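Enquirer: This one is run19.cif, mmCIF, C-alpha atoms.
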data_my_file
#
loop_
_atom_site.label_atom_id
_atom_site.label_comp_id
_atom_site.auth_asym_id
_atom_site.auth_seq_id
_atom_site.Cartn_x
_atom_site.Cartn_y
_atom_site.Cartn_z
CA MET A 1 -49.93 -0.53 -12.68
CA ALA A 2 -49.21 -0.58 -8.94
CA LYS A 3 -46.39 -2.86 -7.86
CA GLU A 4 -47.33 -6.08 -6.13
CA GLN A 5 -46.66 -6.11 -2.35
CA ILE A 6 -45.12 -9.27 -0.92
CA HIS A 7 -44.24 -10.06 2.70
CA LYS A 8 -41.09 -11.98 3.64
CA ASP A 9 -39.61 -12.87 7.03
CA ILE A 10 -36.14 -11.89 5.89
CA ILE A 11 -34.79 -10.00 2.93
CA ILE A 12 -31.09 -10.35 2.37
CA ILE A 13 -29.50 -7.68 0.22
CA GLY A 14 -26.53 -9.16 -1.60
CA ALA A 15 -25.69 -12.70 -2.68
CA GLY A 16 -22.00 -12.90 -1.85
CA MET A 17 -20.49 -15.18 0.77
CA ALA A 18 -22.16 -13.38 3.70
CA GLY A 19 -25.57 -13.08 2.06
CA LEU A 20 -25.74 -16.65 0.82
CA THR A 21 -24.54 -18.04 4.16
CA ALA A 22 -27.26 -16.03 5.92
CA ALA A 23 -29.76 -17.35 3.35
CA MET A 24 -28.68 -20.94 3.99
CA TYR A 25 -29.12 -20.55 7.76
CA ALA A 26 -32.39 -18.64 7.43
CA GLY A 27 -33.73 -21.23 5.02
CA ARG A 28 -32.80 -24.04 7.43
CA MET A 29 -34.81 -22.26 10.13
CA ASN A 30 -37.86 -22.27 7.85
CA LEU A 31 -37.87 -18.51 7.53
CA GLU A 32 -39.30 -17.12 4.32
CA THR A 33 -36.13 -15.78 2.83
CA LEU A 34 -35.51 -13.72 -0.28
CA VAL A 35 -32.05 -12.72 -1.47
CA LEU A 36 -31.84 -9.78 -3.85
CA GLU A 37 -28.65 -9.23 -5.84
CA ASN A 38 -28.11 -6.28 -8.14
CA GLY A 39 -24.77 -7.50 -9.47
CA LEU A 40 -23.19 -10.94 -9.62
CA VAL A 41 -24.24 -13.82 -7.40
CA GLY A 42 -21.02 -14.50 -5.54
CA GLY A 43 -19.98 -10.86 -5.33
CA GLN A 44 -16.25 -10.30 -5.26
CA ILE A 45 -15.37 -13.97 -5.40
CA ALA A 46 -17.44 -14.65 -8.52
CA ASN A 47 -14.29 -13.68 -10.45
CA ALA A 48 -11.78 -15.45 -8.19
CA THR A 49 -9.85 -18.06 -10.11
CA GLY A 50 -8.37 -19.98 -7.20
CA ILE A 51 -9.20 -19.54 -3.51
CA GLU A 52 -6.65 -21.25 -1.30
CA ASN A 53 -7.59 -19.91 2.13
CA TYR A 54 -11.13 -21.16 2.57
CA PRO A 55 -11.13 -23.99 5.10
CA GLY A 56 -11.77 -27.43 3.68
CA PHE A 57 -10.50 -26.67 0.18
CA ILE A 58 -6.93 -26.94 -1.10
CA SER A 59 -7.96 -24.64 -3.95
CA VAL A 60 -11.41 -23.81 -5.22
CA LYS A 61 -12.72 -21.58 -7.99
CA GLY A 62 -14.93 -18.78 -6.70
CA SER A 63 -17.70 -19.71 -9.11
CA ASP A 64 -17.67 -23.35 -7.90
CA LEU A 65 -17.74 -22.39 -4.22
CA ILE A 66 -20.57 -19.95 -4.77
CA SER A 67 -22.68 -22.20 -6.95
CA THR A 68 -22.51 -24.90 -4.25
CA LEU A 69 -23.46 -22.40 -1.56
CA GLN A 70 -26.28 -21.05 -3.72
CA GLN A 71 -27.55 -24.61 -4.15
CA GLN A 72 -27.38 -25.17 -0.39
CA ALA A 73 -29.38 -22.00 0.29
CA GLU A 74 -31.96 -22.86 -2.37
CA ASN A 75 -32.26 -26.44 -1.10
CA PHE A 76 -33.36 -25.00 2.23
CA GLY A 77 -35.99 -22.86 0.55
CA ALA A 78 -34.29 -19.49 0.14
CA VAL A 79 -35.16 -17.71 -3.08
CA ILE A 80 -32.49 -15.74 -4.94
CA ASP A 81 -33.51 -13.06 -7.42
CA GLU A 82 -30.62 -11.52 -9.35
CA PHE A 83 -32.66 -9.68 -11.96
CA ASP A 84 -35.05 -7.43 -10.03
CA THR A 85 -32.99 -4.39 -9.13
CA ILE A 86 -33.47 -2.70 -5.76
CA GLN A 87 -34.48 0.92 -6.09
CA LYS A 88 -35.09 2.05 -2.52
CA VAL A 89 -35.04 0.80 1.04
CA THR A 90 -36.96 2.14 4.03
CA LEU A 91 -35.56 0.58 7.18
CA ARG A 92 -36.99 2.69 10.01
CA GLU A 93 -40.53 1.37 9.56
CA ASN A 94 -41.91 -1.99 10.61
CA PRO A 95 -42.15 -3.96 8.47
CA LYS A 96 -39.20 -2.61 6.54
CA ILE A 97 -39.72 -1.83 2.86
CA VAL A 98 -37.50 -2.89 -0.01
CA GLU A 99 -38.75 -1.56 -3.32
CA THR A 100 -37.47 -3.13 -6.51
CA GLU A 101 -38.18 -2.35 -10.16
CA GLU A 102 -41.05 -4.81 -10.14
CA LYS A 103 -42.24 -5.30 -6.55
CA ILE A 104 -42.58 -3.84 -3.08
CA TYR A 105 -41.29 -6.23 -0.45
CA LEU A 106 -42.25 -5.88 3.20
CA ALA A 107 -39.85 -7.65 5.55
CA ASP A 108 -39.53 -8.00 9.32
CA VAL A 109 -35.78 -8.36 9.01
CA VAL A 110 -33.32 -6.97 6.52
CA ILE A 111 -29.78 -8.34 6.40
CA ILE A 112 -27.49 -6.10 4.41
CA ALA A 113 -24.67 -8.05 2.81
CA SER A 114 -24.15 -5.85 -0.21
CA GLY A 115 -20.37 -6.15 -0.14
CA MET A 116 -17.92 -4.09 -2.09
CA ASN A 117 -17.33 -3.00 -5.67
CA ARG A 118 -13.97 -2.56 -7.33
CA ARG A 119 -12.51 0.92 -7.14
CA LYS A 120 -12.29 2.58 -10.53
CA LEU A 121 -9.06 3.87 -11.99
CA PRO A 122 -8.93 7.48 -10.79
CA LEU A 123 -7.90 9.08 -14.08
CA PRO A 124 -10.01 11.38 -16.26
CA GLU A 125 -9.42 9.12 -19.30
CA GLU A 126 -10.93 6.10 -17.50
CA SER A 127 -14.37 6.51 -19.05
CA LYS A 128 -12.93 6.84 -22.58
CA PHE A 129 -11.05 3.57 -22.28
CA ALA A 130 -13.41 1.53 -20.07
CA GLY A 131 -13.94 -1.69 -22.03
CA ARG A 132 -11.42 -0.48 -24.60
CA GLY A 133 -8.28 -1.20 -22.70
CA VAL A 134 -9.31 -0.57 -19.10
CA HIS A 135 -10.92 -3.58 -17.44
CA TYR A 136 -12.15 -4.76 -14.07
CA CYS A 137 -12.86 -8.46 -14.74
CA GLU A 138 -9.87 -10.64 -15.64
CA LEU A 139 -12.00 -13.72 -16.00
CA CYS A 140 -14.38 -12.00 -18.43
CA ASP A 141 -12.04 -9.92 -20.54
CA GLY A 142 -8.61 -11.53 -20.25
CA HIS A 143 -9.25 -13.75 -23.25
CA MET A 144 -9.38 -10.70 -25.54
CA TYR A 145 -5.70 -10.06 -24.79
CA GLN A 146 -4.11 -13.18 -26.27
CA ASP A 147 -0.42 -12.43 -26.83
CA LYS A 148 -0.96 -8.73 -26.10
CA ILE A 149 0.82 -6.52 -23.59
CA ILE A 150 -1.14 -6.40 -20.36
CA ALA A 151 -0.68 -4.32 -17.22
CA VAL A 152 -2.24 -5.17 -13.88
CA MET A 153 -2.55 -2.35 -11.41
CA GLY A 154 -2.61 -3.09 -7.70
CA GLY A 155 -0.67 -4.71 -4.89
CA GLY A 156 -3.10 -6.83 -2.90
CA ASN A 157 -3.93 -10.52 -3.18
CA ALA A 158 -6.62 -9.92 -5.80
CA ALA A 159 -4.22 -7.97 -8.03
CA LEU A 160 -1.46 -10.53 -7.77
CA ASP A 161 -3.86 -13.41 -8.41
CA ALA A 162 -5.18 -11.51 -11.44
CA ALA A 163 -1.65 -11.05 -12.77
CA ASN A 164 -0.86 -14.73 -12.40
CA PHE A 165 -4.13 -15.70 -14.07
CA LEU A 166 -3.60 -13.36 -17.02
CA THR A 167 -0.23 -14.92 -17.88
CA LYS A 168 -2.23 -17.76 -19.39
CA TYR A 169 -2.94 -15.30 -22.21
CA THR A 170 0.32 -13.38 -22.47
CA ASP A 171 4.04 -13.67 -21.81
CA ASN A 172 4.28 -9.93 -21.42
CA LEU A 173 2.66 -8.58 -18.27
CA TYR A 174 3.53 -5.60 -16.11
CA LEU A 175 2.41 -5.62 -12.50
CA ILE A 176 2.30 -1.99 -11.46
CA HIS A 177 1.83 -0.81 -7.89
CA ARG A 178 2.34 2.58 -6.28
CA SER A 179 4.00 1.22 -3.11
CA GLU A 180 5.02 -2.24 -1.80
CA PHE A 181 2.86 -5.36 -2.12
CA ARG A 182 0.15 -5.94 0.49
CA ALA A 183 -0.52 -9.50 -0.70
CA ASP A 184 0.34 -12.45 1.51
CA GLU A 185 3.76 -14.06 1.23
CA VAL A 186 2.60 -17.18 -0.62
CA THR A 187 0.95 -15.10 -3.34
CA GLN A 188 3.98 -12.82 -3.64
CA GLN A 189 6.25 -15.84 -4.10
CA LYS A 190 4.11 -17.12 -6.97
CA ILE A 191 4.41 -13.76 -8.67
CA ARG A 192 8.14 -13.50 -8.22
CA GLN A 193 8.57 -17.00 -9.65
CA ASN A 194 6.48 -16.23 -12.75
CA PRO A 195 8.90 -15.25 -15.56
CA LYS A 196 6.10 -13.66 -17.59
CA ILE A 197 5.53 -10.92 -15.00
CA LYS A 198 7.60 -7.78 -14.76
CA ILE A 199 7.11 -6.23 -11.33
CA MET A 200 7.09 -2.43 -11.12
CA LEU A 201 6.78 -1.25 -7.53
CA GLN A 202 6.77 2.37 -6.37
CA THR A 203 5.26 3.18 -9.75
CA GLU A 204 2.09 5.10 -10.58
CA ILE A 205 0.04 5.27 -13.76
CA LYS A 206 -0.35 8.92 -14.61
CA ALA A 207 -2.09 8.98 -18.00
CA LEU A 208 -3.68 6.76 -20.63
CA HIS A 209 -3.18 7.25 -24.36
CA GLY A 210 -4.78 5.88 -27.50
CA ASP A 211 -7.12 6.74 -30.33
CA LYS A 212 -10.08 4.35 -30.10
CA LYS A 213 -8.40 1.85 -27.81
CA LEU A 214 -5.72 2.02 -25.18
CA GLU A 215 -2.28 2.03 -26.75
CA SER A 216 0.07 3.23 -24.04
CA ILE A 217 0.32 4.55 -20.51
CA ASP A 218 2.50 7.10 -18.77
CA ILE A 219 4.11 5.72 -15.65
CA PHE A 220 5.87 7.65 -12.91
CA ASP A 221 8.75 5.99 -11.10
CA LYS A 222 8.64 7.37 -7.57
CA LYS A 223 12.21 6.32 -6.83
CA SER A 224 13.88 7.94 -9.84
CA GLY A 225 11.31 10.71 -10.29
CA GLU A 226 11.11 9.88 -14.00
CA THR A 227 8.01 9.54 -16.15
CA LYS A 228 8.07 7.28 -19.17
CA ASN A 229 5.64 5.99 -21.77
CA LEU A 230 4.92 2.28 -21.91
CA ALA A 231 3.15 0.49 -24.77
CA VAL A 232 0.25 -1.45 -23.24
CA ASP A 233 -2.87 -2.96 -24.85
CA GLY A 234 -4.89 -3.46 -21.70
CA ILE A 235 -4.90 -2.59 -18.01
CA PHE A 236 -6.70 -4.68 -15.43
CA VAL A 237 -7.40 -2.47 -12.46
CA ASN A 238 -7.31 -4.02 -9.02
CA ILE A 239 -6.71 -1.11 -6.69
CA GLY A 240 -9.08 -1.98 -3.92
CA VAL A 241 -12.77 -1.86 -3.30
CA VAL A 242 -15.46 0.57 -2.20
CA PRO A 243 -18.42 -0.39 -0.03
CA ASN A 244 -21.71 -0.83 -1.78
CA THR A 245 -23.76 1.35 0.57
CA GLU A 246 -25.31 3.96 -1.71
CA LEU A 247 -28.82 2.62 -0.98
CA PHE A 248 -28.38 3.04 2.77
CA LYS A 249 -27.09 6.60 2.97
CA GLY A 250 -29.42 8.54 5.25
CA GLU A 251 -30.92 5.32 6.62
CA LEU A 252 -27.95 3.94 8.52
CA GLN A 253 -24.85 5.28 10.17
CA LEU A 254 -21.82 4.78 7.93
CA SER A 255 -18.14 4.89 8.84
CA ASP A 256 -15.72 7.35 7.25
CA GLY A 257 -14.87 4.62 4.77
CA GLY A 258 -18.56 4.29 3.87
CA ARG A 259 -19.17 0.96 5.61
CA ILE A 260 -22.13 0.20 7.85
CA ILE A 261 -21.54 0.58 11.57
CA ALA A 262 -22.55 -2.62 13.35
CA GLY A 263 -21.01 -4.72 16.12
CA GLU A 264 -19.69 -8.26 15.99
CA ASN A 265 -23.32 -9.34 16.48
CA CYS A 266 -24.02 -7.66 13.12
CA LYS A 267 -26.79 -5.55 14.69
CA THR A 268 -27.08 -2.04 13.29
CA GLU A 269 -28.61 0.93 15.07
CA ILE A 270 -32.05 -0.13 13.73
CA GLU A 271 -33.73 -3.16 15.31
CA GLY A 272 -34.20 -5.94 12.82
CA VAL A 273 -31.56 -4.59 10.46
CA PHE A 274 -28.27 -6.44 10.34
CA ALA A 275 -25.06 -5.82 8.40
CA ALA A 276 -22.92 -8.79 7.40
CA GLY A 277 -19.70 -9.35 5.51
CA ASP A 278 -17.33 -6.81 4.00
CA VAL A 279 -19.95 -4.05 4.04
CA ARG A 280 -19.79 -4.01 7.85
CA GLU A 281 -17.12 -1.82 9.42
CA LYS A 282 -14.62 -4.22 10.97
CA GLU A 283 -10.93 -4.91 11.13
CA ILE A 284 -10.68 -8.22 9.28
CA ARG A 285 -12.47 -8.81 5.98
CA GLN A 286 -11.99 -12.33 4.69
CA LEU A 287 -14.24 -14.94 3.09
CA THR A 288 -14.29 -16.80 6.38
CA THR A 289 -15.35 -13.73 8.35
CA ALA A 290 -18.05 -13.01 5.75
CA ALA A 291 -19.41 -16.52 6.27
CA ALA A 292 -19.22 -15.99 10.04
CA ASP A 293 -21.15 -12.72 9.75
CA GLY A 294 -23.80 -14.36 7.60
CA THR A 295 -24.24 -17.05 10.24
CA THR A 296 -24.41 -14.58 13.12
CA ALA A 297 -26.86 -12.28 11.35
CA ALA A 298 -29.23 -15.11 10.40
CA LEU A 299 -29.25 -16.70 13.85
CA LEU A 300 -29.82 -13.40 15.64
CA ALA A 301 -32.44 -12.45 13.05
CA GLU A 302 -34.33 -15.62 13.93
CA LYS A 303 -34.22 -14.67 17.63
CA TYR A 304 -35.49 -11.20 16.80
CA LEU A 305 -38.34 -12.66 14.75
CA ALA A 306 -39.23 -15.12 17.49
CA ASN A 307 -39.53 -12.23 19.95
CA LEU A 308 -41.59 -10.32 17.42
CA GLY A 309 -43.91 -13.34 17.20
CA ASN A 310 -45.16 -12.77 13.67
CA ARG A 311 -43.24 -15.12 11.43
CA SER A 312 -44.94 -15.85 8.11
CA MET B 1 -31.90 -15.37 -33.57
CA VAL B 2 -30.25 -13.65 -30.61
CA LYS B 3 -26.52 -14.32 -30.34
CA VAL B 4 -24.52 -14.10 -27.13
CA TYR B 5 -20.77 -13.78 -27.59
CA SER B 6 -19.42 -15.19 -24.40
CA PHE B 7 -17.49 -18.04 -22.83
CA GLU B 8 -18.32 -20.51 -20.16
CA ALA B 9 -16.29 -19.24 -17.19
CA CYS B 10 -17.28 -15.58 -17.61
CA PRO B 11 -19.66 -14.64 -14.77
CA TRP B 12 -21.39 -11.74 -16.54
CA CYS B 13 -21.89 -13.97 -19.60
CA VAL B 14 -23.57 -16.53 -17.35
CA LYS B 15 -25.80 -13.79 -15.98
CA VAL B 16 -26.90 -12.67 -19.45
CA LYS B 17 -27.69 -16.25 -20.48
CA LYS B 18 -29.62 -16.88 -17.26
CA TYR B 19 -31.59 -13.70 -17.84
CA LEU B 20 -32.50 -14.68 -21.39
CA ASP B 21 -33.49 -18.14 -20.09
CA SER B 22 -35.70 -16.53 -17.44
CA LYS B 23 -37.49 -14.58 -20.17
CA GLY B 24 -37.87 -17.63 -22.44
CA ILE B 25 -35.74 -16.11 -25.16
CA GLU B 26 -33.87 -18.50 -27.45
CA TYR B 27 -30.32 -17.59 -28.28
CA GLU B 28 -27.19 -18.95 -29.87
CA VAL B 29 -24.05 -19.05 -27.76
CA ARG B 30 -20.97 -17.98 -29.68
CA ASP B 31 -18.08 -19.11 -27.52
CA ILE B 32 -15.11 -16.83 -28.10
CA GLU B 33 -12.76 -19.13 -26.23
CA LEU B 34 -13.51 -22.13 -28.41
CA ASN B 35 -13.74 -20.25 -31.71
CA GLU B 36 -11.30 -17.48 -32.64
CA GLU B 37 -13.59 -16.33 -35.48
CA TYR B 38 -16.29 -15.58 -32.93
CA ALA B 39 -13.77 -13.59 -30.88
CA LYS B 40 -12.94 -11.47 -33.95
CA GLU B 41 -16.62 -11.04 -34.82
CA CYS B 42 -17.36 -9.98 -31.28
CA MET B 43 -14.72 -7.26 -31.36
CA GLN B 44 -15.91 -6.08 -34.77
CA ILE B 45 -19.49 -5.76 -33.54
CA SER B 46 -18.81 -3.88 -30.32
CA GLY B 47 -15.44 -2.27 -31.00
CA ASP B 48 -14.65 -3.17 -27.39
CA THR B 49 -12.52 -5.87 -25.86
CA MET B 50 -15.22 -7.14 -23.53
CA VAL B 51 -17.78 -9.87 -23.29
CA PRO B 52 -20.62 -10.63 -23.07
CA VAL B 53 -21.96 -9.04 -26.24
CA THR B 54 -25.61 -9.71 -27.02
CA THR B 55 -26.87 -8.93 -30.50
CA VAL B 56 -29.85 -9.65 -32.71
CA ASP B 57 -28.47 -8.56 -36.05
CA GLY B 58 -24.75 -7.91 -35.61
CA LYS B 59 -25.40 -4.16 -35.59
CA ASN B 60 -27.48 -3.46 -32.51
CA PHE B 61 -25.78 -4.90 -29.49
CA VAL B 62 -25.60 -4.70 -25.73
CA LEU B 63 -22.28 -4.85 -23.96
CA GLY B 64 -22.13 -6.59 -20.59
CA PHE B 65 -25.25 -7.24 -18.53
CA ASP B 66 -27.54 -4.24 -18.89
CA LYS B 67 -31.09 -5.39 -18.32
CA ALA B 68 -32.77 -2.22 -19.52
CA LYS B 69 -30.78 -2.19 -22.77
CA ILE B 70 -31.33 -5.91 -23.39
CA ASP B 71 -35.07 -5.45 -22.77
CA ALA B 72 -35.18 -2.50 -25.18
CA MET B 73 -33.22 -4.29 -27.90
CA LEU B 74 -35.31 -7.44 -27.67
CA GLY B 75 -38.62 -5.69 -27.05
CA ILE B 76 -39.22 -7.59 -23.82
#
With the file now loaded, output its structure as structure tokens.
Expert:
Amino acid sequence: MAKEQIHKDIIIIGAGMAGLTAAMYAGRMNLETLVLENGLVGGQIANATGIENYPGFISVKGSDLISTLQQQAENFGAVIDEFDTIQKVTLRENPKIVETEEKIYLADVVIIASGMNRRKLPLPEESKFAGRGVHYCELCDGHMYQDKIIAVMGGGNAALDAANFLTKYTDNLYLIHRSEFRADEVTQQKIRQNPKIKIMLQTEIKALHGDKKLESIDIFDKKSGETKNLAVDGIFVNIGVVPNTELFKGELQLSDGGRIIAGENCKTEIEGVFAAGDVREKEIRQLTTAAADGTTAALLAEKYLANLGNRS
Amino acid sequence: MVKVYSFEACPWCVKVKKYLDSKGIEYEVRDIELNEEYAKECMQISGDTMVPVTTVDGKNFVLGFDKAKIDAMLGI
């Protein structure tokens, strides 16, 4: 059976901070707005246990912040579909086409806010141990490691926050990073004051061992040049993110890092196509700048639609 | 009866439950955080240390949110 064709003023790809902010603004401007999300509503912050640098909140759980924002967007009429996976986008036609598993959407504007995914552990054994000792979601899988030995890999804010969070399950946690911490000073202080965390800087994980589940890892100390084996039940990998731009290869110009090239006005090289949030190539990527991008993209999208003169 | 081994704060667990709701499928939530027995059962079923685990009979299961696999298992 042929897929149903549906027209929308705006399709927003991605329901993280940028996408949902754009949806809220677009909804407020009475634009017919659909948000499609292939992963988690909330994107990277869906897993965040405590956000302390979003204005107006002393500390807020990512899931709470996002569910409020989702409610705001939906209250203004935006529709969010997190179950109909996008298969293909065609952006150089007007209207633009977004084909999902179930439908073909035609849209005058597409705002790409597809964000980033966590980088996988670059070791050949990763696939053998994924879900069996190698994890990417502390909030989901941490509970399975009650009183076990956990390692967290990474040196940014997300990694350090993950390490702190996981000490609610264990008193025995290694925080392993190949260089020096990149996290902000406040977060580093929390880590250094946590007696359950053993910090191992200038250290790389070289190999994973185990029969059916992870049992130990080989770590290389860059200072001493020594490699040793460490008994570990689970590793939570937090070694950065990669842009979620697979769908747009060949359609849009991407930077060397794989992000979409667009200016501070979020306009891409294609009229009516905007890039917002962490997926856009830019110097600063924060929750606040994602919200700012979502705002900019939605407001300029409305102007573009007004000039087009064919709002639904 | 479909069983979803999960816990409340787990975002992928929430997604699985929302998906089952959207399809009108009844299920029993087995909260691994509130009940250690459920946590052990969950690991026995999947052999993995991950949630959510969705199962109909304790043998066939789907790990995480995988729409195609859930659809196939439940005949949706």
Enquirer: Could you name the residues that touch region 48-61 of chain B at 6 Å or less, counting only C-alpha atoms, but leaving out those on the same chain fewer than 4 positions away, as a ChimeraX atom specification?
Expert: /A:131-132,141,144 /B:2-6,13,43
Enquirer: Please, could you write that set of residues out with C-alpha atoms as a compact mmCIF listing (two decimals), in the frame of the given file?
Expert:
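What follows is the written file again02.txt:
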# COMPACT_ATOMS: atom_id res chain seq x y z
CA GLY A 131 -13.94 -1.69 -22.03
CA ARG A 132 -11.42 -0.48 -24.60
CA ASP A 141 -12.04 -9.92 -20.54
CA MET A 144 -9.38 -10.70 -25.54
CA VAL B 2 -30.25 -13.65 -30.61
CA LYS B 3 -26.52 -14.32 -30.34
CA VAL B 4 -24.52 -14.10 -27.13
CA TYR B 5 -20.77 -13.78 -27.59
CA SER B 6 -19.42 -15.19 -24.40
CA CYS B 13 -21.89 -13.97 -19.60
CA MET B 43 -14.72 -7.26 -31.36
Enquirer: Starting from 8 Å padding per side, set up an axis-aligned box that covers all listed atoms of region 88-107 of chain A and hand over centre and edge lengths in Å, one decimal, as AutoDock Vina command-line options.
Expert:
--center_x -38.8 --center_y -2.5 --center_z 0.2 --size_x 23.5 --size_y 26.3 --size_z 36.8
Enquirer: Skipping near chain neighbours, those fewer than 2 positions away, what residues fall within 10 Å of Arg92 (chain A) using all atoms listed in the file, listed as a PDB file with C-alpha atoms, in the frame of the given file?
Expert:
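File part29.pdb, as written:
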ATOM      1  CA  VAL A  89     -35.040   0.800   1.040  1.00  0.00           C
ATOM      2  CA  THR A  90     -36.960   2.140   4.030  1.00  0.00           C
ATOM      3  CA  ASN A  94     -41.910  -1.990  10.610  1.00  0.00           C
ATOM      4  CA  PRO A  95     -42.150  -3.960   8.470  1.00  0.00           C
ATOM      5  CA  LYS A  96     -39.200  -2.610   6.540  1.00  0.00           C
ATOM      6  CA  ILE A  97     -39.720  -1.830   2.860  1.00  0.00           C
ATOM      7  CA  GLU A 251     -30.920   5.320   6.620  1.00  0.00           C
ATOM      8  CA  LEU A 252     -27.950   3.940   8.520  1.00  0.00           C
ATOM      9  CA  GLU A 269     -28.610   0.930  15.070  1.00  0.00           C
ATOM     10  CA  ILE A 270     -32.050  -0.130  13.730  1.00  0.00           C
ATOM     11  CA  GLU A 271     -33.730  -3.160  15.310  1.00  0.00           C
ATOM     12  CA  GLY A 272     -34.200  -5.940  12.820  1.00  0.00           C
ATOM     13  CA  VAL A 273     -31.560  -4.590  10.460  1.00  0.00           C
TER      14      VAL A 273
END
Enquirer: For the structure provided, state which residues fall under the PyMOL selection byres ((chain A) within 10 of (chain B)), and present them as a PyMOL selection string.
Expert: chain A and resi 39-42+46-47+49+63+82-85+129-135+137-145+212-213+234
Enquirer: Within 12 Å of Leu160 (chain A), counting only C-alpha atoms, which residues show up once you throw out same-chain ones fewer than 2 positions away? Write them as an MDAnalysis selection string, please.
Expert: chainID A and resid 48:50 138 151:158 162:167 173:177 181:192 194 197:199 236:239
Enquirer: Record the distance separating CA of Asp71 (chain B) and CA of Arg30 (chain B), expressed in Å with one decimal.
Expert: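 It comes out at 20.1 Å.
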Enquirer: I'd like to know which of A:Thr227, A:Asn244, A:Gly19, A:Glu52 is closest to Asp161 (chain A), using only C-alpha atoms.
Expert: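 The answer is A:Glu52, which sits nearest to Asp161 (chain A).
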Enquirer: Report, in Å to a single decimal, how far apart CA of Met116 (chain A) and CA of Gly43 (chain A) are.
Expert: 7.8 Å
Enquirer: Please indicate the distance in Å from CA of Thr245 (chain A) to CA of Ile112 (chain A), rounded to one decimal place.
Expert: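 Straight-line distance from CA of Thr245 (chain A) to CA of Ile112 (chain A) works out to 9.2 Å.
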Enquirer: Complete region 14-27 of chain B with N, CA and C atoms (output as a PDB file, keeping the file's coordinate frame).
Expert:
ATOM      1  N   VAL B  14     -22.614 -15.593 -17.971  1.00  0.00           N
ATOM      2  CA  VAL B  14     -23.570 -16.530 -17.350  1.00  0.00           C
ATOM      3  C   VAL B  14     -24.831 -15.780 -16.960  1.00  0.00           C
ATOM      4  N   LYS B  15     -24.639 -14.577 -16.431  1.00  0.00           N
ATOM      5  CA  LYS B  15     -25.800 -13.790 -15.980  1.00  0.00           C
ATOM      6  C   LYS B  15     -26.705 -13.425 -17.158  1.00  0.00           C
ATOM      7  N   VAL B  16     -26.094 -13.004 -18.265  1.00  0.00           N
ATOM      8  CA  VAL B  16     -26.900 -12.670 -19.450  1.00  0.00           C
ATOM      9  C   VAL B  16     -27.684 -13.891 -19.919  1.00  0.00           C
ATOM     10  N   LYS B  17     -27.020 -15.034 -19.979  1.00  0.00           N
ATOM     11  CA  LYS B  17     -27.690 -16.250 -20.480  1.00  0.00           C
ATOM     12  C   LYS B  17     -28.812 -16.666 -19.532  1.00  0.00           C
ATOM     13  N   LYS B  18     -28.565 -16.552 -18.227  1.00  0.00           N
ATOM     14  CA  LYS B  18     -29.620 -16.880 -17.260  1.00  0.00           C
ATOM     15  C   LYS B  18     -30.817 -15.939 -17.403  1.00  0.00           C
ATOM     16  N   TYR B  19     -30.512 -14.674 -17.678  1.00  0.00           N
ATOM     17  CA  TYR B  19     -31.590 -13.700 -17.840  1.00  0.00           C
ATOM     18  C   TYR B  19     -32.445 -14.020 -19.070  1.00  0.00           C
ATOM     19  N   LEU B  20     -31.770 -14.328 -20.179  1.00  0.00           N
ATOM     20  CA  LEU B  20     -32.500 -14.680 -21.390  1.00  0.00           C
ATOM     21  C   LEU B  20     -33.326 -15.949 -21.158  1.00  0.00           C
ATOM     22  N   ASP B  21     -32.743 -16.916 -20.436  1.00  0.00           N
ATOM     23  CA  ASP B  21     -33.490 -18.140 -20.090  1.00  0.00           C
ATOM     24  C   ASP B  21     -34.736 -17.784 -19.295  1.00  0.00           C
ATOM     25  N   SER B  22     -34.563 -16.872 -18.315  1.00  0.00           N
ATOM     26  CA  SER B  22     -35.700 -16.530 -17.440  1.00  0.00           C
ATOM     27  C   SER B  22     -36.827 -15.866 -18.227  1.00  0.00           C
ATOM     28  N   LYS B  23     -36.481 -15.256 -19.353  1.00  0.00           N
ATOM     29  CA  LYS B  23     -37.490 -14.580 -20.170  1.00  0.00           C
ATOM     30  C   LYS B  23     -37.972 -15.470 -21.321  1.00  0.00           C
ATOM     31  N   GLY B  24     -37.450 -16.691 -21.394  1.00  0.00           N
ATOM     32  CA  GLY B  24     -37.870 -17.630 -22.440  1.00  0.00           C
ATOM     33  C   GLY B  24     -37.386 -17.251 -23.827  1.00  0.00           C
ATOM     34  N   ILE B  25     -36.268 -16.540 -23.864  1.00  0.00           N
ATOM     35  CA  ILE B  25     -35.740 -16.110 -25.160  1.00  0.00           C
ATOM     36  C   ILE B  25     -34.688 -17.108 -25.666  1.00  0.00           C
ATOM     37  N   GLU B  26     -34.867 -17.576 -26.886  1.00  0.00           N
ATOM     38  CA  GLU B  26     -33.870 -18.500 -27.450  1.00  0.00           C
ATOM     39  C   GLU B  26     -32.676 -17.704 -27.961  1.00  0.00           C
ATOM     40  N   TYR B  27     -31.534 -18.285 -27.831  1.00  0.00           N
ATOM     41  CA  TYR B  27     -30.320 -17.590 -28.280  1.00  0.00           C
ATOM     42  C   TYR B  27     -29.260 -18.604 -28.669  1.00  0.00           C
TER      43      TYR B  27
END
